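Shown next, in structure tokens, is the structure this report addresses.
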Number of protein chains: 2
Amino acid sequence: MRSQDKEEMRRIGFFRGVDDPEQVDAMLRGAFLQRFPAHVELIQTGEPADFLHVIVDGTVEMFSGHRDRETTLGVSGPGDSFILAAVLFDRPYLQSARALTAARILMVPAEAVRQAFAADAGFARSVAESLALAYRGLIMELKNQKLRSGLERLANWLLAHDAANGSKGRFDLPFDKKVLAARLGMAPEVLSRSFAALVPYEVVVQGPSVVIRDPAVLRKLAQPCTTIDGATL
Amino acid sequence: MRSQDKEEMRRIGFFRGVDDPEQVDAMLRGAFLQRFPAHVELIQTGEPADFLHVIVDGTVEMFSGHRDRETTLGVSGPGDSFILAAVLFDRPYLQSARALTAARILMVPAEAVRQAFAADAGFARSVAESLALAYRGLIMELKNQKLRSGLERLANWLLAHDAANGSKGRFDLPFDKKVLAARLGMAPEVLSRSFAALVPYEVVVQGPSVVIRDPAVLRKLAQPCTTIDGATL
DNA sequence: GGCGCGACTTGATAATTATCAAGTCGGAGG
DNA sequence: CCTCCGACTTGATAATTATCAAGTCGCGCC
């Protein structure tokens with residue numbers, strides 16, 4: 001890793017909680033900062049967790065398949081990492097990852113992460129906090145999946161995405177509809193029909209462009225709830 | 001808490017990773033060891049996380065509702081706790097808990113847990129490991145829910161439960177079928193029909209008694225997979 | 001011991017979602 | 001600039017699941 005890249009990596013959020021800067025250097029010593037084009041698979045389900053991947057730039061889709069089906073478990077961005085739990089226990093990945101856009105990924109050797117975890121209390125706490133946040137997100141997602149219909153999930157996703165982007169009532173979908181469908185747990189055809197079903201609720205879609213003309217009406221259908229949709233921290 | 005109870009509580013698995021025994025004493029100082037009868041709701045979704053609950057004896061159902069639906073997110077037993085993530089961040093519970101059997105629950109004040117987390121590196125690591133384990137369990141559960149049909153989930157649950165109980169090919173369901181249905185993400189009527197659908201796969205059910213006459217046949221339908229069903233550690 | 005309530009099963013129907021097929025359109029690569 | 005491939009939409013049908021209703025059975029409480 002180039003000196004100037006190392007300088008930049010020292011400052012990323014992932015290392016912020018580390019007490020001893022020497023631990024950050026130890027983790028960076030064997031690390032790679034890799035640039036990937038879109039569509040590349042970064043890790044695969046079932047593979048041993050040799051690296052912790054930290055997203056510096058770009059968007060990554062976490063997904064997995066079983067038999068002839070595939071689903072998207074989450075979409076991650078800068079500051080997120082994958083997969084801490086697999087690295088901590090030195091167990092195979094339970095998910096695959098694919099770059100949705102061009103991405104820069106810091107790949108930290110798993111052993112170095114475990115050593116820092118064992119040696120640095122601040123880092124251990126930081127890891128615990130990341131895992132707690134991820135855990136809460138998954139509980140919300142599982143509730144979303146089990147307690148709501150596909151249409152409700154879409155409506156709530158639209159409202160949450162709008163809120164996270166300044167509540168302007170209009171935005172472009174950040175990724176393909178195929179990915180959004182998988183993320184919401186439905187087939188692409190069903191997402192298409194769900195968007196059509198939202199027309200009476202003043203939602204206008206043209207390609208990736210979405211306009212929510214009357215959020216209050218959509219909210220009536222969606223019935224958002226902080227324990228499923230809320231910001232976790 | 002009685003002296004002898006305190007002695008017993010010092011030794012539970014939850015405190016095993018703590019470096020400084022004084023931290024365990026500090027957590028136990030304001031703690032309660034409470035006995036609850038079956039059916040009692042121990043915590044409710046949306047409530048502030050004032051205590052960390054550790055199950056000493058008994059079985060607890062983690063569940064949540066939305067609008068007029070309810071689902072079971074997990075069933076926990078001795079050694080498990082709830083809910084670490086809420087306590088760490090001092091955020092409301094995202095799940096409710098109900099005793100399925102009579103239970104003894106150690107209730108540790110949340111503030112004391114946070115103080116020990118900040119002060120004791122061994123405890124912080126132990127918390128991180130618990131959260132990592134729980135996280136992996138949830139990923140498997142979300143995959144189970146999104147990638148399999150209800151019948152497949154039941155078949156895999158039966159095989160996993162049998163394997164966890166000595167692979168004798170016969171066992172009694174550990175809780176009501178209503179709870180199992182909710183746990184698997186289906187209505188009780190659908191569970192009933194799913195059991196009936198398993199008759200051609202040599203599964204015999206009488207009340208809570210289940211016999212798996214030919215595990216190989218059931219496995220053919222279930223298609224178990226370590227990244228969805230496997231033991232996590 | 002009897003009564004009442006909730007778990008469970010079964011039947012019927014509605015709703016939701018998946019799958020298959022066919023066609024359009026846009027973007028990427030040659 | 002043209003061609004090809006994949007995303008997306010629309011139509012049709014199958015599969016899965018939810019919901020409602022009604023009846024049975026077992027357990028707990030009085």
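We name chains A, B, ... following the order of the structure tokens; residues begin at 1 in each chain, and ligands are numbered from 1 as shown.
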### Message
Set the cut-off to 8 Å and count only C-alpha atoms: what are the residues of chain B that reach chain A? Output as a PyMOL selection string.
### Response
chain B and resi 45-46+64-66+69-71+73+84-86+88-89+94+117-118+120-121+124-125+127-129+131-136+138-140+142-143+145-147+185+227-228+233
Return as CSV the residues of chain C lying at most 12 Å from range 1-6 of chain D, together with the closest atom-to-atom pair for each and the distance in Å to one decimal, counting only C-alpha atoms (C1' of nucleotides), with rows in chain order and ascending residue number.
```
residue,atom,partner,partner_atom,distance
C:DC25,C1',D:DG6,C1',10.6
C:DG26,C1',D:DG6,C1',9.7
C:DG27,C1',D:DG6,C1',9.4
C:DA28,C1',D:DC5,C1',9.1
C:DG29,C1',D:DC4,C1',9.1
C:DG30,C1',D:DT3,C1',8.8
```
### Task
Could you tell me, as a PyMOL selection string, which residues of range 138-195 of chain B DSSP assigns to helix (DSSP H, G or I) when given the backbone?
chain B and resi 138-147+150-164+177-184+188-195
### Query
Please, which residues of chain B lie no more than 8 Å from chain D when the count uses only C-alpha atoms (C1' of nucleotides), and can they be set out as a PyMOL selection string?
chain B and resi 149+186-187+190
Residues as selected, N, CA, C and O atoms, written as a short mmCIF file (atom, residue, chain, number, x, y, z; two decimals), in the first residue's frame, can you do that?
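Ended up saving to part_11.cif:
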```cif
data_model
loop_
_atom_site.label_atom_id
_atom_site.label_comp_id
_atom_site.auth_asym_id
_atom_site.auth_seq_id
_atom_site.Cartn_x
_atom_site.Cartn_y
_atom_site.Cartn_z
N SER B 149 -39.36 -22.28 1.01
CA SER B 149 -40.80 -22.33 1.27
C SER B 149 -41.04 -22.76 2.71
O SER B 149 -40.15 -23.26 3.39
N MET B 186 -45.15 -18.84 9.58
CA MET B 186 -46.36 -19.30 8.92
C MET B 186 -47.51 -19.33 9.92
O MET B 186 -47.29 -19.36 11.13
N ALA B 187 -48.75 -19.34 9.42
CA ALA B 187 -49.91 -19.44 10.29
C ALA B 187 -50.03 -20.86 10.84
O ALA B 187 -49.60 -21.82 10.20
N VAL B 190 -51.29 -23.43 8.51
CA VAL B 190 -50.33 -23.82 7.47
C VAL B 190 -49.33 -24.83 8.03
O VAL B 190 -48.92 -25.76 7.34
#
```
### Task
Could you please tell me, as a ChimeraX atom specification, which residues of chain C have an atom within 9 Å of chain B when using only C-alpha atoms (C1' of nucleotides)?
/C:7-10
### Task
Measure the distance from CA of Ala216 in chain B to CA of Gly150 in chain B in Å and round it to one decimal.
19.4 Å
### Atomic separation - CA of Ala155 in chain A relative to CA of Val205 in chain A, Å
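It comes out at 12.8 Å.
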